[in-house]
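See below for the structure under consideration.
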Amino acid sequence: MTEVMSGPAPYIYVSTRMRVRKAKLIQREEYLRMLNMGLPEFTRQIEEMEYKREIDELSASFSGVDLIENAMSWNLAKEYQRVIALAPGEMKGFTRDYLHKWDIQNILTILRGKVQGISDGKIRAVLVPAGELNAPALDHLLAESSAERIIETLPQKQLAAVLSAGLAEAIGAHSFGSLENELYKYYYATLIKAARGGMKGGLPFFKYVVFEIDIKNSINLFRIRAQGKPNANTSEIWIEGGSYHTDELERLCSVANLDEVIDTLKKKIKSPVLIDALESVREKKPIYSIEGMLIAAQLNQMDNVSKRNPFSISPLLVYLERKKYEVANLRALARGKEAGLAPAVLEKYLVM
Amino acid sequence: MAIETLTIEVAQEMAFGYTAIGAGLAVGLAGVGTGLGEMGIGAAAVGATAEDREMFGLALLFTVLPETIVIFGLVIALLLLFL
């Protein structure tokens, strides 16, 4: 089949498809209705939604909430692969690069599982093959005997180099935290490099990456402040490339006055949505509430940008992120209902 | 070299020729404009219909809206040729 890639028509076509798909995602009112459902009713509701096919496929292997959780992960992975297949021209490359974070998450899950001696079946159940590494590629990695062999087998050699550099330390310290930080720094550096590579449509993508880095760094800043360790060495956790300099973020961790921190953060931000979110942080709130507000601000800002740039990568990125949080919300609802949490408690953990 | 004189007949033929060119441009340029308008609408309409079949009727209606521009062009062409 000949693919016509010239002109704006393919971008308009894909952007419209993404906007229709986004409109079909669960809305706030529906979440509020789901909060008051019992687990059996909630399960029936999920089975009647677009997750039905995956639930049918996996019903022989899982049951109960595990089935719902795995079906949603599987649906997310398949949906992301379909989006990559749909994306035209340069958008395909950017989408692949953006979804690379799922590869990082999957590889880390496999390495953590292998090091802790967890069975392949259990590790496979929590993998989400939504990135470049599809299910057979992840199975191939799972079949390897050791963490070193997994890294050697990886097709992405630059990623493998970052993993090799930090693996021994991670195994020695019984913690993959530092390695995870390095991997995400590498991931965002790759995104910035791709966005600034001179390709058409790179500018909206670059702006989005910077915005996402700002959100990640802000969330990390508030997390560290919530831990109450002002003198802790935080230099390794900041992601470079955002609006804030890493030294400034490190300094803000030890500033006692919350208003000063928010004023400093606001100085370099233009997004009114994010400024409003930061303003509401002035009232002392628990960290999960701050995180939820910042993520909601990120999604709203992405919505605004996608409306201003309807034929760019923005509508596609908004859909990918909204879909991710739909799955996360439904998973939280399923697990929360199974654990018997009250709707008011569950609501605080949803990104709506 | 023969010197051509502009007779009334020649002038009338030239005027008709220019009118025909104008009529052609009116339809042709309107057609190009319609095509450009329909390119975006058509791509969006196909995208929307691919996601939701129920949108087909509405999408088709929006896609053919720019056709009115060709009709305007055609009306202008007919006015030029027959009035």
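To be explicit about the labels: the chains of the structure tokens are called A, B, and onward in the order shown, and within each one the residues are counted from 1, while ligands get numbers from 1 in the order they are shown.
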Sorted by chain and rising residue number, list the residues of chain B at most 9 Å from chain A (counting only C-alpha atoms), each with its closest atom pair and distance in Å to one decimal, as JSON lines.
```
{"residue": "B:Met39", "atom": "CA", "partner": "A:Ala9", "partner_atom": "CA", "distance": 6.4}
{"residue": "B:Gly40", "atom": "CA", "partner": "A:Ala9", "partner_atom": "CA", "distance": 5.9}
{"residue": "B:Ile41", "atom": "CA", "partner": "A:Ile12", "partner_atom": "CA", "distance": 8.4}
{"residue": "B:Gly42", "atom": "CA", "partner": "A:Ala9", "partner_atom": "CA", "distance": 8.3}
{"residue": "B:Ala43", "atom": "CA", "partner": "A:Tyr13", "partner_atom": "CA", "distance": 4.8}
{"residue": "B:Ala44", "atom": "CA", "partner": "A:Tyr13", "partner_atom": "CA", "distance": 4.9}
{"residue": "B:Ala45", "atom": "CA", "partner": "A:Tyr13", "partner_atom": "CA", "distance": 7.8}
{"residue": "B:Val46", "atom": "CA", "partner": "A:Tyr13", "partner_atom": "CA", "distance": 6.8}
{"residue": "B:Gly47", "atom": "CA", "partner": "A:Tyr13", "partner_atom": "CA", "distance": 4.8}
{"residue": "B:Ala48", "atom": "CA", "partner": "A:Arg17", "partner_atom": "CA", "distance": 5.7}
{"residue": "B:Thr49", "atom": "CA", "partner": "A:Arg17", "partner_atom": "CA", "distance": 8.6}
{"residue": "B:Ala50", "atom": "CA", "partner": "A:Arg17", "partner_atom": "CA", "distance": 7.5}
{"residue": "B:Glu51", "atom": "CA", "partner": "A:Arg17", "partner_atom": "CA", "distance": 6.3}
{"residue": "B:Asp52", "atom": "CA", "partner": "A:Val20", "partner_atom": "CA", "distance": 8.1}
```
Subject >> Spatial neighbours of stretch 102-119 of chain A, max dist 10 Å, only C-alpha atoms, sep filter under 3 positions, as number ranges by chain >> reply: A: 77, 98-99, 122-124, 126-134, 138-139, 141-142, 144-148, 150-151, 154, 156, 159, 163, 167, 170-171, 174-176, 179-180, 183-184, 187
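Neighbours of A:Glu347 closer than or equal to 9 Å, with only C-alpha atoms counted and sequence neighbours fewer than 6 positions away skipped, come out as Tyr31, Leu32, Leu35 and Leu333 of chain A.
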Original post:
atom CA of A:Lys324 to atom CA of A:Ala195: how many Å, to one decimal?
Top reply: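 Going from atom CA of A:Lys324 over to atom CA of A:Ala195, I get 22.1 Å.
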Original post:
Could you pull out the alpha helix (DSSP H) residues of stretch 1-77 of chain B from DSSP and send them as JSON, numbers by chain?
Top reply: {"B": [8, 9, 10, 11, 12, 13, 14, 15, 16, 17, 18, 19, 20, 21, 22, 23, 24, 25, 26, 27, 28, 29, 30, 31, 32, 33, 34, 35, 36, 37, 38, 39, 40, 41, 42, 43, 44, 45, 46, 47, 48, 49, 50, 51, 56, 57, 58, 59, 60, 61, 62, 63, 64, 67, 68, 69, 70, 71, 72, 73, 74, 75, 76, 77]}
**OP:** Please measure the separation of atom CA of A:Lys193 and atom CA of A:Trp238, giving the value in Å to one decimal.
**Re:**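 These atoms are spaced 17.8 Å apart.
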Subject >> Residue neighbourhood B:Ile71, 12 Å, only C-alpha atoms, exclusion window fewer than 2 positions, as a count of residues only >> reply: 20
